[in-house]
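Student: Sharing a structure below in structure tokens format, with a few things to ask.
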Protein chains: 2
Amino acid sequence: MTAPTIQWVDGSVHLIDQTLLPHTEEILEITSPAEMVNAIERLAIRGAPAIGVAGAYGVALAAVSVGIDTTEFEEAVDSLRNARPTAVNLARMVDRTAALRANGPERILEEAHAIREEELQASVAMGDLGADLILDLVGDRPIRAMTICNTGALATVERGTALSVIQTLHERDRLQEALPLETRPLLQGSRLTTWELQKMDAPFRLLVDSAGPFLLARGDVDVVLTGADRVAANGDTANKIGTFSIALGAAHAGVPFIVVAPESTVDANTATGSEIEIEDRGPSEVVGFGGTLTAPSGTPAINPAFDVTPVDLITALVTDGRVIRYDRGEGPQVPA
Amino acid sequence: MTAPTIQWVDGSVHLIDQTLLPHTEEILEITSPAEMVNAIERLAIRGAPAIGVAGAYGVALAAVSVGIDTTEFEEAVDSLRNARPTAVNLARMVDRTAALRANGPERILEEAHAIREEELQASVAMGDLGADLILDLVGDRPIRAMTICNTGALATVERGTALSVIQTLHERDRLQEALPLETRPLLQGSRLTTWELQKMDAPFRLLVDSAGPFLLARGDVDVVLTGADRVAANGDTANKIGTFSIALGAAHAGVPFIVVAPESTVDANTATGSEIEIEDRGPSEVVGFGGTLTAPSGTPAINPAFDVTPVDLITALVTDGRVIRYDRGEGPQVPA
């Protein structure tokens, strides 16, 4: 990858503007918390771990620009925390950095850097643990791995979550092909995951979301790998809309369905999936794509950005520290 | 609707060019079987019953233009029959009209007209039988009906199959809302079904395909209605890609899943779904969205146009003549 997804450069934050990929690679220079909120809201940066890092750097920008003893600082922290509701990482990393306000802006920035470094190390660990698990579950042979949305370097800092596992399989010469779903409405699979798979020189074929369950039924898939926006204490998992659909397909076909997410995504304060708020992003994303309107003007739409997959459809959760085998009755069991 | 989907006008066939909807309403004038094959192949006309009528009129055009005693006639019949492989109606209606070649072009045209009239009457019957069944299954109250692809007048001649049932519910003041799936890759739901629902002044909200199973799980849907491209003798059903996915979602949620298709769609010569050929339409439809290239250039793709839903996920089949309750162990049981 030419530029990192997100990094601190001389008092500002540099982001790849993901809304312009795959055709244009442009770096956004973020210099204020308001610009960071805007970048998160319009998905210039997205993916649960990446927006956690973005939120932390946003707090650092606030501390530097408006000072830590102002109501503007508190307002900036609030607006960063609420820029998107579903992923737990954002609120958690905003709170973790803001909690250090008494120690001054330097300490906040140091913490944001630490969060970024943790996410990077987590990606490497998830890749290894996930690849080991799959070769154990499926057998040590070339793997056809279906995935949804973008869970690669663009969603984290480097390598990613579910896509880190695919990259690790590829590096171990055990990837027959990746099968990314395009991921309507915003096409993160089509625009971003394909772009990352090309960069890592991995074999892949793209498909529309609704073809996922059929390919599973036809025997074209060995494993499904997804990220997570929030894992509840019982293992129910909120992730990109469509994840539940391929979980149903995987269960029907008897194919392992594996969630890959850092420990920071597990939310002990959310007992089950029914407590997870699902963001509705409004009709404009559904009635067209980019500048192209495909439905008649005035078409109303429902647009849940996420869905919840119940734990009984999930084989295992791979985090940066452990493998939790739901299929053997294990659970995240995180102390609150 | 301003113009009928397909009609014979003074020696040529007039079709609405469905590739241009919803923004442009243009009539194609088809004067040769080769033009008809092209119109069917590029989906200017689509929908199993509609392409059956188109195939029949194509044979009539062949009889008029090249005569019935020529090898060109046989070649035209062959190319019409094979213009698309999955829907049984096309081959069946081409064969039914071509079988009358000894009786001359006039008789062939008369038969094509009869096929068109049969499809029209069938739509009315399916609407009534389907609406009766739903109010019986779900209760006599406002219905939230999810549907996929386009199964309305544009897919038949008037009213349609699954969408005819939704129209009948609306006319009986029992439609709370229709929930059309956009139906990637070609967006028949977004482009065509919304356009038809607007014309019939029915309440609706559009959604991306992958949100279907989640809305079912959340309790937002009372019934799923789909058309069929081919119904096997055991009830397994080939339909637009994504149908299997919402059938899984409906079964998981305990929501009735009803296939609506004329008797002509039931194929006694196909024992089960595993015998149904699934057309792969190539990567170009998947890597873009309405004229916009959304994936990196050179992206490979899988593009099955249909999937097969096993009969054990289907509650009932509604045809123009009967209701077959799979949930009560009934089957199409058509004599070969």
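Just remember, in the structure tokens the first chain shown is A, the second B, etc., residues are 1-based per chain, and ligands are 1-based in the order shown.
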Pick out the chain A residues within 7 Å of chain B. Count only C-alpha atoms. Give them as a count of residues only.

Tutor: 33

Student: Least-squares superposition of chain A on chain B, all Cα atoms, in-order pairing: what RMSD comes out, in Å?

Tutor: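 When all C-alpha atoms are superposed, the deviation is 0.2 Å.
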
Student: Rounded to one decimal place, report the atom CA of B:Ala99-atom CA of B:Arg159 distance in Å.

Tutor: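 A separation of 28.8 Å between them.
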
Student: For stretch 81-92 of chain A, list every protein, DNA or RNA residue within 7 Å, evaluated using only C-alpha atoms, and leave out those in the same chain fewer than 5 positions away; present the list as a PyMOL selection string.

Tutor: chain A and resi 37+40-41+48-49+51-52+55+229-230+264-265+267+277-279

Student: Quick one: residues within 8 Å of B:Ile314, only C-alpha atoms counted, chain neighbours fewer than 2 positions away excluded, as an mmCIF file with N, CA, C and O atoms, in the first residue's frame?

Tutor:
data_model
loop_
_atom_site.group_PDB
_atom_site.id
_atom_site.type_symbol
_atom_site.label_atom_id
_atom_site.label_comp_id
_atom_site.auth_asym_id
_atom_site.auth_seq_id
_atom_site.Cartn_x
_atom_site.Cartn_y
_atom_site.Cartn_z
ATOM 1 N N ALA B 247 -35.147 -16.937 1.194
ATOM 2 C CA ALA B 247 -35.850 -18.144 1.640
ATOM 3 C C ALA B 247 -35.241 -18.649 2.952
ATOM 4 O O ALA B 247 -35.959 -19.050 3.873
ATOM 5 N N PRO B 256 -43.961 -16.986 6.075
ATOM 6 C CA PRO B 256 -44.308 -17.747 4.864
ATOM 7 C C PRO B 256 -43.536 -17.251 3.637
ATOM 8 O O PRO B 256 -43.407 -16.038 3.430
ATOM 9 N N PHE B 257 -43.040 -18.201 2.853
ATOM 10 C CA PHE B 257 -42.278 -17.907 1.639
ATOM 11 C C PHE B 257 -43.045 -18.530 0.477
ATOM 12 O O PHE B 257 -43.146 -19.754 0.368
ATOM 13 N N ILE B 258 -43.595 -17.689 -0.383
ATOM 14 C CA ILE B 258 -44.535 -18.160 -1.400
ATOM 15 C C ILE B 258 -44.013 -17.862 -2.800
ATOM 16 O O ILE B 258 -43.636 -16.733 -3.105
ATOM 17 N N VAL B 259 -43.974 -18.898 -3.635
ATOM 18 C CA VAL B 259 -43.588 -18.752 -5.032
ATOM 19 C C VAL B 259 -44.856 -18.589 -5.864
ATOM 20 O O VAL B 259 -45.825 -19.337 -5.674
ATOM 21 N N THR B 309 -33.816 -22.611 -4.915
ATOM 22 C CA THR B 309 -34.324 -22.709 -3.553
ATOM 23 C C THR B 309 -34.952 -24.095 -3.374
ATOM 24 O O THR B 309 -35.878 -24.446 -4.108
ATOM 25 N N PRO B 310 -34.437 -24.884 -2.417
ATOM 26 C CA PRO B 310 -35.008 -26.220 -2.222
ATOM 27 C C PRO B 310 -36.431 -26.130 -1.668
ATOM 28 O O PRO B 310 -36.767 -25.205 -0.926
ATOM 29 N N VAL B 311 -37.246 -27.090 -2.061
ATOM 30 C CA VAL B 311 -38.684 -27.035 -1.745
ATOM 31 C C VAL B 311 -38.942 -26.990 -0.243
ATOM 32 O O VAL B 311 -39.950 -26.425 0.193
ATOM 33 N N ASP B 312 -38.018 -27.529 0.561
ATOM 34 C CA ASP B 312 -38.287 -27.535 2.005
ATOM 35 C C ASP B 312 -38.205 -26.143 2.632
ATOM 36 O O ASP B 312 -38.555 -25.969 3.799
ATOM 37 N N ALA B 316 -45.432 -22.469 -0.108
ATOM 38 C CA ALA B 316 -46.462 -22.830 -1.086
ATOM 39 C C ALA B 316 -46.088 -22.310 -2.466
ATOM 40 O O ALA B 316 -45.316 -21.360 -2.597
ATOM 41 N N LEU B 317 -46.657 -22.960 -3.473
ATOM 42 C CA LEU B 317 -46.582 -22.480 -4.852
ATOM 43 C C LEU B 317 -47.987 -22.073 -5.283
ATOM 44 O O LEU B 317 -48.929 -22.868 -5.146
ATOM 45 N N TYR B 326 -46.660 -26.848 -0.046
ATOM 46 C CA TYR B 326 -45.505 -27.696 0.276
ATOM 47 C C TYR B 326 -45.437 -27.949 1.778
ATOM 48 O O TYR B 326 -44.995 -29.007 2.219
ATOM 49 N N ASP B 327 -45.867 -26.936 2.561
ATOM 50 C CA ASP B 327 -45.795 -27.088 4.021
ATOM 51 C C ASP B 327 -46.745 -28.159 4.524
ATOM 52 O O ASP B 327 -46.699 -28.550 5.682
#

Student: Would you list the contacts of B:Asp95 as a list in words, taking every protein, DNA or RNA residue within 9 Å and counting only C-alpha atoms, but skipping same-chain residues closer than 6 positions in sequence?

Tutor: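 Contacts, with the query itself left out: Ala56, Val59, Val77 and Arg81 of chain B.
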
Student: Hey, can you check how far atom CA of B:Glu26 sits from atom CA of B:Gly160?

Tutor: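 For atom CA of B:Glu26 relative to atom CA of B:Gly160, the distance reads 20.2 Å.
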
Student: Give the helix (DSSP H, G or I) residues of stretch 15-230 of chain A, as assigned by DSSP on the backbone, as a PyMOL selection string.

Tutor: chain A and resi 33-41+48-66+71-81+88-98+101-103+105-138+153-155+162-171+188-199+209-217

Student: Would you mind exporting the chosen residues as a CSV table (one decimal), in the first residue's frame, restricted to C-alpha atoms?

Tutor:
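The result, stored in again11.csv:
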chain,number,residue,atom,x,y,z
A,33,PRO,CA,-11.8,17.4,15.6
A,34,ALA,CA,-14.7,18.8,13.5
A,35,GLU,CA,-13.0,17.7,10.3
A,36,MET,CA,-12.4,14.3,11.9
A,37,VAL,CA,-16.1,13.9,12.8
A,38,ASN,CA,-16.9,14.8,9.3
A,39,ALA,CA,-14.4,12.3,7.9
A,40,ILE,CA,-15.9,9.5,10.1
A,41,GLU,CA,-19.5,10.4,9.3
A,48,ALA,CA,-14.3,-0.4,13.5
A,49,PRO,CA,-10.6,-0.5,14.5
A,50,ALA,CA,-9.7,2.3,12.1
A,51,ILE,CA,-12.4,4.7,13.4
A,52,GLY,CA,-11.2,3.8,16.9
A,53,VAL,CA,-7.7,5.1,16.0
A,54,ALA,CA,-9.3,8.1,14.2
A,55,GLY,CA,-11.4,8.9,17.3
A,56,ALA,CA,-8.3,8.8,19.5
A,57,TYR,CA,-6.4,11.1,17.2
A,58,GLY,CA,-9.4,13.3,17.1
A,59,VAL,CA,-9.2,13.8,20.8
A,60,ALA,CA,-5.5,14.6,20.4
A,61,LEU,CA,-6.4,17.2,17.8
A,62,ALA,CA,-9.0,18.7,20.2
A,63,ALA,CA,-6.5,18.8,23.1
A,64,VAL,CA,-4.0,20.6,20.9
A,65,SER,CA,-6.4,23.0,19.2
A,66,VAL,CA,-8.9,24.0,21.9
A,71,THR,CA,-16.1,23.2,27.2
A,72,GLU,CA,-15.1,23.0,23.5
A,73,PHE,CA,-12.9,20.1,24.4
A,74,GLU,CA,-15.8,18.3,26.0
A,75,GLU,CA,-18.1,19.1,23.0
A,76,ALA,CA,-15.4,17.8,20.6
A,77,VAL,CA,-15.1,14.6,22.6
A,78,ASP,CA,-18.9,14.1,22.6
A,79,SER,CA,-19.2,14.7,18.9
A,80,LEU,CA,-16.3,12.3,18.2
A,81,ARG,CA,-17.8,9.6,20.4
A,88,VAL,CA,-17.9,0.1,20.1
A,89,ASN,CA,-14.2,0.9,19.3
A,90,LEU,CA,-15.0,4.5,18.5
A,91,ALA,CA,-16.6,5.4,21.8
A,92,ARG,CA,-14.1,3.3,23.7
A,93,MET,CA,-10.9,4.8,22.2
A,94,VAL,CA,-12.4,8.3,22.5
A,95,ASP,CA,-13.0,7.7,26.1
A,96,ARG,CA,-9.7,6.1,26.7
A,97,THR,CA,-7.8,9.1,25.4
A,98,ALA,CA,-10.1,11.7,26.8
A,101,ARG,CA,-7.0,15.0,29.8
A,102,ALA,CA,-5.5,15.8,33.2
A,103,ASN,CA,-2.1,14.6,31.9
A,105,PRO,CA,-2.2,17.0,25.2
A,106,GLU,CA,1.2,15.2,24.9
A,107,ARG,CA,0.0,12.3,27.0
A,108,ILE,CA,-3.2,12.1,25.0
A,109,LEU,CA,-1.3,12.0,21.7
A,110,GLU,CA,1.0,9.3,23.1
A,111,GLU,CA,-2.0,7.2,24.0
A,112,ALA,CA,-3.4,7.6,20.5
A,113,HIS,CA,-0.1,6.4,19.1
A,114,ALA,CA,-0.2,3.5,21.4
A,115,ILE,CA,-3.8,2.6,20.3
A,116,ARG,CA,-2.6,2.7,16.7
A,117,GLU,CA,0.4,0.4,17.5
A,118,GLU,CA,-1.9,-2.0,19.4
A,119,GLU,CA,-4.2,-2.3,16.4
A,120,LEU,CA,-1.3,-3.1,14.2
A,121,GLN,CA,0.0,-5.8,16.4
A,122,ALA,CA,-3.5,-7.2,16.8
A,123,SER,CA,-3.8,-7.6,13.0
A,124,VAL,CA,-0.7,-9.7,12.9
A,125,ALA,CA,-2.0,-11.9,15.8
A,126,MET,CA,-5.5,-12.3,14.3
A,127,GLY,CA,-4.0,-13.3,11.0
A,128,ASP,CA,-2.0,-16.1,12.6
A,129,LEU,CA,-4.6,-17.4,14.9
A,130,GLY,CA,-7.3,-17.3,12.2
A,131,ALA,CA,-5.1,-19.1,9.6
A,132,ASP,CA,-4.2,-21.8,12.2
A,133,LEU,CA,-7.9,-22.3,13.1
A,134,ILE,CA,-9.0,-22.6,9.5
A,135,LEU,CA,-6.3,-25.1,8.5
A,136,ASP,CA,-7.3,-27.1,11.6
A,137,LEU,CA,-11.1,-26.9,10.8
A,138,VAL,CA,-10.9,-27.5,7.1
A,153,ALA,CA,-5.6,-2.5,6.1
A,154,LEU,CA,-8.1,0.2,5.2
A,155,ALA,CA,-10.4,-0.8,8.0
A,162,ALA,CA,-10.8,-11.0,8.5
A,163,LEU,CA,-8.7,-9.9,5.5
A,164,SER,CA,-5.5,-10.3,7.6
A,165,VAL,CA,-6.4,-14.0,7.9
A,166,ILE,CA,-6.8,-14.2,4.2
A,167,GLN,CA,-3.5,-12.4,3.7
A,168,THR,CA,-1.8,-14.8,6.1
A,169,LEU,CA,-3.3,-17.8,4.3
A,170,HIS,CA,-2.0,-16.3,1.0
A,171,GLU,CA,1.5,-15.8,2.5
A,188,GLN,CA,-16.7,-1.6,0.3
A,189,GLY,CA,-16.1,-5.1,-1.0
A,190,SER,CA,-16.1,-4.1,-4.6
A,191,ARG,CA,-14.1,-0.9,-4.2
A,192,LEU,CA,-11.8,-1.6,-1.3
A,193,THR,CA,-11.3,-5.3,-0.7
A,194,THR,CA,-10.6,-6.0,-4.3
A,195,TRP,CA,-8.1,-3.2,-4.4
A,196,GLU,CA,-6.3,-4.6,-1.3
A,197,LEU,CA,-6.4,-8.2,-2.7
A,198,GLN,CA,-4.9,-6.9,-5.9
A,199,LYS,CA,-2.1,-5.1,-3.9
A,209,ASP,CA,-24.0,-10.1,-1.9
A,210,SER,CA,-27.1,-12.1,-2.7
A,211,ALA,CA,-25.0,-14.8,-4.4
A,212,GLY,CA,-23.1,-15.6,-1.2
A,213,PRO,CA,-25.6,-18.2,0.2
A,214,PHE,CA,-26.0,-19.9,-3.2
A,215,LEU,CA,-22.2,-20.3,-3.7
A,216,LEU,CA,-22.1,-21.8,-0.2
A,217,ALA,CA,-24.9,-24.2,-1.0

Student: What are the DSSP strand (DSSP E or B) residues of stretch 87-303 of chain A, as a PyMOL selection string?

Tutor: chain A and resi 143-147+175-181+204+206-207+223-226+230-232+237-240+257-260+266-267+280+288-289+292-293+301

Student: Take the residues just selected and output them with N, CA, C and O atoms as a short mmCIF file (atom, residue, chain, number, x, y, z; two decimals), in the first residue's frame.

Tutor:
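Produced file again_20.cif, reproduced below:
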data_model
loop_
_atom_site.label_atom_id
_atom_site.label_comp_id
_atom_site.auth_asym_id
_atom_site.auth_seq_id
_atom_site.Cartn_x
_atom_site.Cartn_y
_atom_site.Cartn_z
N ILE A 143 -7.53 -22.99 0.37
CA ILE A 143 -8.79 -22.57 0.99
C ILE A 143 -9.50 -21.56 0.09
O ILE A 143 -8.88 -20.64 -0.44
N ARG A 144 -10.83 -21.74 -0.06
CA ARG A 144 -11.67 -20.76 -0.74
C ARG A 144 -12.44 -20.00 0.35
O ARG A 144 -13.30 -20.58 1.02
N ALA A 145 -12.09 -18.74 0.53
CA ALA A 145 -12.57 -17.98 1.69
C ALA A 145 -13.47 -16.83 1.26
O ALA A 145 -13.04 -15.91 0.57
N MET A 146 -14.74 -16.90 1.67
CA MET A 146 -15.70 -15.82 1.39
C MET A 146 -15.59 -14.76 2.47
O MET A 146 -15.43 -15.07 3.64
N THR A 147 -15.73 -13.49 2.08
CA THR A 147 -15.70 -12.42 3.07
C THR A 147 -16.59 -11.27 2.63
O THR A 147 -16.96 -11.19 1.44
N LEU A 175 -4.07 -20.18 0.09
CA LEU A 175 -5.28 -19.51 -0.38
C LEU A 175 -5.56 -19.92 -1.82
O LEU A 175 -4.82 -19.57 -2.73
N GLN A 176 -6.65 -20.67 -2.03
CA GLN A 176 -7.05 -20.97 -3.41
C GLN A 176 -7.68 -19.74 -4.04
O GLN A 176 -7.30 -19.33 -5.13
N GLU A 177 -8.66 -19.16 -3.37
CA GLU A 177 -9.18 -17.87 -3.82
C GLU A 177 -9.98 -17.21 -2.70
O GLU A 177 -10.60 -17.88 -1.88
N ALA A 178 -9.94 -15.88 -2.71
CA ALA A 178 -10.83 -15.09 -1.86
C ALA A 178 -12.10 -14.82 -2.65
O ALA A 178 -12.06 -14.65 -3.87
N LEU A 179 -13.24 -14.81 -1.96
CA LEU A 179 -14.53 -14.54 -2.59
C LEU A 179 -15.18 -13.35 -1.89
O LEU A 179 -16.04 -13.50 -1.02
N PRO A 180 -14.75 -12.13 -2.24
CA PRO A 180 -15.32 -10.96 -1.58
C PRO A 180 -16.72 -10.64 -2.10
O PRO A 180 -16.96 -10.63 -3.31
N LEU A 181 -17.65 -10.35 -1.18
CA LEU A 181 -18.98 -9.85 -1.56
C LEU A 181 -18.87 -8.35 -1.82
O LEU A 181 -18.15 -7.65 -1.12
N PHE A 204 -8.66 -13.92 -6.48
CA PHE A 204 -10.00 -13.64 -5.95
C PHE A 204 -11.01 -13.52 -7.08
O PHE A 204 -10.64 -13.28 -8.23
N LEU A 206 -14.94 -11.55 -7.37
CA LEU A 206 -15.96 -10.71 -6.73
C LEU A 206 -17.35 -11.29 -7.00
O LEU A 206 -17.59 -11.90 -8.04
N LEU A 207 -18.29 -11.09 -6.07
CA LEU A 207 -19.66 -11.49 -6.35
C LEU A 207 -20.65 -10.55 -5.68
O LEU A 207 -20.29 -9.84 -4.74
N VAL A 223 -14.73 -21.61 3.84
CA VAL A 223 -14.87 -20.90 5.11
C VAL A 223 -15.40 -19.50 4.82
O VAL A 223 -15.12 -18.92 3.76
N VAL A 224 -16.19 -18.96 5.75
CA VAL A 224 -16.59 -17.56 5.70
C VAL A 224 -15.87 -16.82 6.81
O VAL A 224 -15.83 -17.28 7.96
N LEU A 225 -15.28 -15.68 6.46
CA LEU A 225 -14.55 -14.84 7.43
C LEU A 225 -15.15 -13.45 7.43
O LEU A 225 -15.26 -12.83 6.37
N THR A 226 -15.56 -12.95 8.59
CA THR A 226 -16.07 -11.58 8.64
C THR A 226 -15.42 -10.85 9.80
O THR A 226 -14.91 -11.46 10.73
N ARG A 230 -19.33 -4.91 16.62
CA ARG A 230 -19.49 -5.06 18.06
C ARG A 230 -19.84 -6.51 18.35
O ARG A 230 -20.72 -7.08 17.73
N VAL A 231 -19.12 -7.10 19.31
CA VAL A 231 -19.43 -8.45 19.76
C VAL A 231 -20.04 -8.33 21.15
O VAL A 231 -19.42 -7.78 22.07
N ALA A 232 -21.28 -8.83 21.31
CA ALA A 232 -21.93 -8.78 22.62
C ALA A 232 -21.31 -9.83 23.55
O ALA A 232 -20.61 -10.75 23.09
N THR A 237 -23.15 -10.94 17.23
CA THR A 237 -22.19 -10.06 16.57
C THR A 237 -22.86 -9.10 15.60
O THR A 237 -23.55 -9.53 14.67
N ALA A 238 -22.65 -7.80 15.80
CA ALA A 238 -23.11 -6.80 14.82
C ALA A 238 -22.00 -6.60 13.81
O ALA A 238 -20.83 -6.41 14.17
N ASN A 239 -22.36 -6.64 12.55
CA ASN A 239 -21.39 -6.39 11.48
C ASN A 239 -22.16 -5.85 10.29
O ASN A 239 -23.38 -5.71 10.32
N LYS A 240 -21.44 -5.52 9.24
CA LYS A 240 -22.02 -4.96 8.02
C LYS A 240 -23.29 -5.70 7.60
O LYS A 240 -23.36 -6.91 7.68
N PHE A 257 -18.15 -20.55 9.92
CA PHE A 257 -18.38 -19.11 9.84
C PHE A 257 -17.62 -18.47 11.00
O PHE A 257 -17.95 -18.67 12.16
N ILE A 258 -16.58 -17.71 10.67
CA ILE A 258 -15.63 -17.24 11.68
C ILE A 258 -15.59 -15.72 11.72
O ILE A 258 -15.41 -15.07 10.69
N VAL A 259 -15.79 -15.16 12.90
CA VAL A 259 -15.69 -13.72 13.12
C VAL A 259 -14.27 -13.41 13.59
O VAL A 259 -13.74 -14.11 14.47
N VAL A 260 -13.67 -12.42 12.98
CA VAL A 260 -12.30 -12.01 13.34
C VAL A 260 -12.35 -10.55 13.78
O VAL A 260 -12.70 -9.67 12.98
N VAL A 266 -15.07 -6.54 21.57
CA VAL A 266 -15.95 -7.29 22.47
C VAL A 266 -16.46 -6.33 23.54
O VAL A 266 -15.68 -5.66 24.21
N ASP A 267 -17.77 -6.25 23.66
CA ASP A 267 -18.37 -5.27 24.57
C ASP A 267 -19.11 -5.99 25.69
O ASP A 267 -20.25 -6.43 25.53
N ASP A 280 -29.50 3.42 10.85
CA ASP A 280 -30.14 3.50 9.53
C ASP A 280 -29.59 4.73 8.82
O ASP A 280 -29.73 5.84 9.33
N GLY A 288 -29.24 4.61 -5.42
CA GLY A 288 -28.27 4.75 -6.49
C GLY A 288 -26.89 4.43 -5.99
O GLY A 288 -26.73 3.92 -4.89
N PHE A 289 -25.90 4.72 -6.82
CA PHE A 289 -24.52 4.60 -6.35
C PHE A 289 -23.69 5.68 -7.00
O PHE A 289 -23.78 5.92 -8.20
N THR A 292 -24.97 8.04 -9.80
CA THR A 292 -25.98 7.43 -10.65
C THR A 292 -27.23 7.10 -9.85
O THR A 292 -27.18 6.32 -8.91
N LEU A 293 -28.36 7.70 -10.20
CA LEU A 293 -29.64 7.37 -9.58
C LEU A 293 -30.24 6.20 -10.35
O LEU A 293 -30.45 6.30 -11.55
N ALA A 301 -36.74 4.32 1.06
CA ALA A 301 -35.93 3.12 1.29
C ALA A 301 -35.68 2.90 2.77
O ALA A 301 -35.78 3.83 3.57
#

Student: So what do you get for atom CA of B:Asp17 versus atom CA of B:Glu263, distance-wise?

Tutor: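 So the two atoms, atom CA of B:Asp17 and atom CA of B:Glu263, lie 26.5 Å apart.
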
Student: Excluding same-chain residues fewer than 2 positions from B:Ala233, what lies within 10 Å of it counting only C-alpha atoms, as a PyMOL selection string?

Tutor: chain B and resi 230-231+235-237+266-273+331-336

Student: So that I have them on file, write out the residues from the current selection with N, CA, C and O atoms, as a JSON list (two decimals), in the first residue's frame.

Tutor:
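File result-v4.json, as written:
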[["chain", "number", "residue", "atom", "x", "y", "z"],
["B", 230, "ARG", "N", -38.06, -21.41, -13.13],
["B", 230, "ARG", "CA", -38.37, -22.80, -13.41],
["B", 230, "ARG", "C", -38.69, -23.50, -12.10],
["B", 230, "ARG", "O", -37.95, -23.36, -11.13],
["B", 231, "VAL", "N", -39.80, -24.25, -12.08],
["B", 231, "VAL", "CA", -40.16, -25.05, -10.91],
["B", 231, "VAL", "C", -39.97, -26.51, -11.30],
["B", 231, "VAL", "O", -40.56, -26.99, -12.27],
["B", 235, "GLY", "N", -40.72, -29.43, -6.77],
["B", 235, "GLY", "CA", -40.98, -28.14, -6.14],
["B", 235, "GLY", "C", -39.75, -27.26, -5.97],
["B", 235, "GLY", "O", -39.88, -26.06, -5.70],
["B", 236, "ASP", "N", -38.54, -27.81, -6.09],
["B", 236, "ASP", "CA", -37.34, -26.96, -6.07],
["B", 236, "ASP", "C", -37.52, -25.88, -7.13],
["B", 236, "ASP", "O", -38.02, -26.16, -8.23],
["B", 237, "THR", "N", -37.07, -24.66, -6.81],
["B", 237, "THR", "CA", -37.41, -23.52, -7.67],
["B", 237, "THR", "C", -36.19, -22.68, -8.02],
["B", 237, "THR", "O", -35.49, -22.20, -7.14],
["B", 266, "VAL", "N", -43.82, -24.65, -14.45],
["B", 266, "VAL", "CA", -43.57, -25.95, -13.82],
["B", 266, "VAL", "C", -43.06, -26.91, -14.89],
["B", 266, "VAL", "O", -43.69, -27.07, -15.93],
["B", 267, "ASP", "N", -41.90, -27.49, -14.62],
["B", 267, "ASP", "CA", -41.25, -28.33, -15.63],
["B", 267, "ASP", "C", -41.17, -29.78, -15.15],
["B", 267, "ASP", "O", -40.28, -30.14, -14.38],
["B", 268, "ALA", "N", -42.09, -30.59, -15.64],
["B", 268, "ALA", "CA", -42.15, -31.99, -15.21],
["B", 268, "ALA", "C", -40.91, -32.77, -15.65],
["B", 268, "ALA", "O", -40.58, -33.80, -15.08],
["B", 269, "ASN", "N", -40.21, -32.24, -16.65],
["B", 269, "ASN", "CA", -39.02, -32.94, -17.15],
["B", 269, "ASN", "C", -37.77, -32.66, -16.32],
["B", 269, "ASN", "O", -36.71, -33.20, -16.60],
["B", 270, "THR", "N", -37.89, -31.78, -15.36],
["B", 270, "THR", "CA", -36.79, -31.50, -14.44],
["B", 270, "THR", "C", -37.18, -32.07, -13.09],
["B", 270, "THR", "O", -38.08, -31.56, -12.43],
["B", 271, "ALA", "N", -36.52, -33.15, -12.68],
["B", 271, "ALA", "CA", -36.94, -33.85, -11.46],
["B", 271, "ALA", "C", -36.70, -32.99, -10.23],
["B", 271, "ALA", "O", -37.59, -32.80, -9.40],
["B", 272, "THR", "N", -35.47, -32.46, -10.10],
["B", 272, "THR", "CA", -35.13, -31.65, -8.93],
["B", 272, "THR", "C", -34.30, -30.44, -9.36],
["B", 272, "THR", "O", -33.85, -30.36, -10.51],
["B", 273, "GLY", "N", -34.08, -29.56, -8.41],
["B", 273, "GLY", "CA", -33.34, -28.33, -8.69],
["B", 273, "GLY", "C", -31.92, -28.57, -9.17],
["B", 273, "GLY", "O", -31.36, -27.74, -9.90],
["B", 331, "GLY", "N", -47.17, -31.49, -3.59],
["B", 331, "GLY", "CA", -46.14, -31.24, -4.58],
["B", 331, "GLY", "C", -46.77, -30.92, -5.92],
["B", 331, "GLY", "O", -47.96, -31.16, -6.10],
["B", 332, "PRO", "N", -45.97, -30.36, -6.85],
["B", 332, "PRO", "CA", -46.54, -30.03, -8.16],
["B", 332, "PRO", "C", -47.05, -31.28, -8.90],
["B", 332, "PRO", "O", -48.06, -31.21, -9.60],
["B", 333, "GLN", "N", -46.33, -32.44, -8.74],
["B", 333, "GLN", "CA", -46.77, -33.71, -9.32],
["B", 333, "GLN", "C", -47.39, -33.59, -10.70],
["B", 333, "GLN", "O", -48.50, -34.07, -10.94],
["B", 334, "VAL", "N", -46.68, -32.93, -11.59],
["B", 334, "VAL", "CA", -47.20, -32.73, -12.94],
["B", 334, "VAL", "C", -46.89, -33.97, -13.78],
["B", 334, "VAL", "O", -45.76, -34.44, -13.79],
["B", 335, "PRO", "N", -47.88, -34.52, -14.49],
["B", 335, "PRO", "CA", -47.58, -35.64, -15.37],
["B", 335, "PRO", "C", -46.63, -35.18, -16.48],
["B", 335, "PRO", "O", -46.80, -34.09, -17.02],
["B", 336, "ALA", "N", -45.65, -36.01, -16.78],
["B", 336, "ALA", "CA", -44.64, -35.62, -17.79],
["B", 336, "ALA", "C", -45.26, -35.62, -19.18],
["B", 336, "ALA", "O", -46.30, -36.24, -19.40]]

Student: Excluding A:Val255 and residues on its chain fewer than 3 positions from it, collect all residues at most 7 Å away from it, counting only C-alpha atoms, and give them as a list in words.

Tutor: Asp222, Val223, Ala250 and Ala251 of chain A
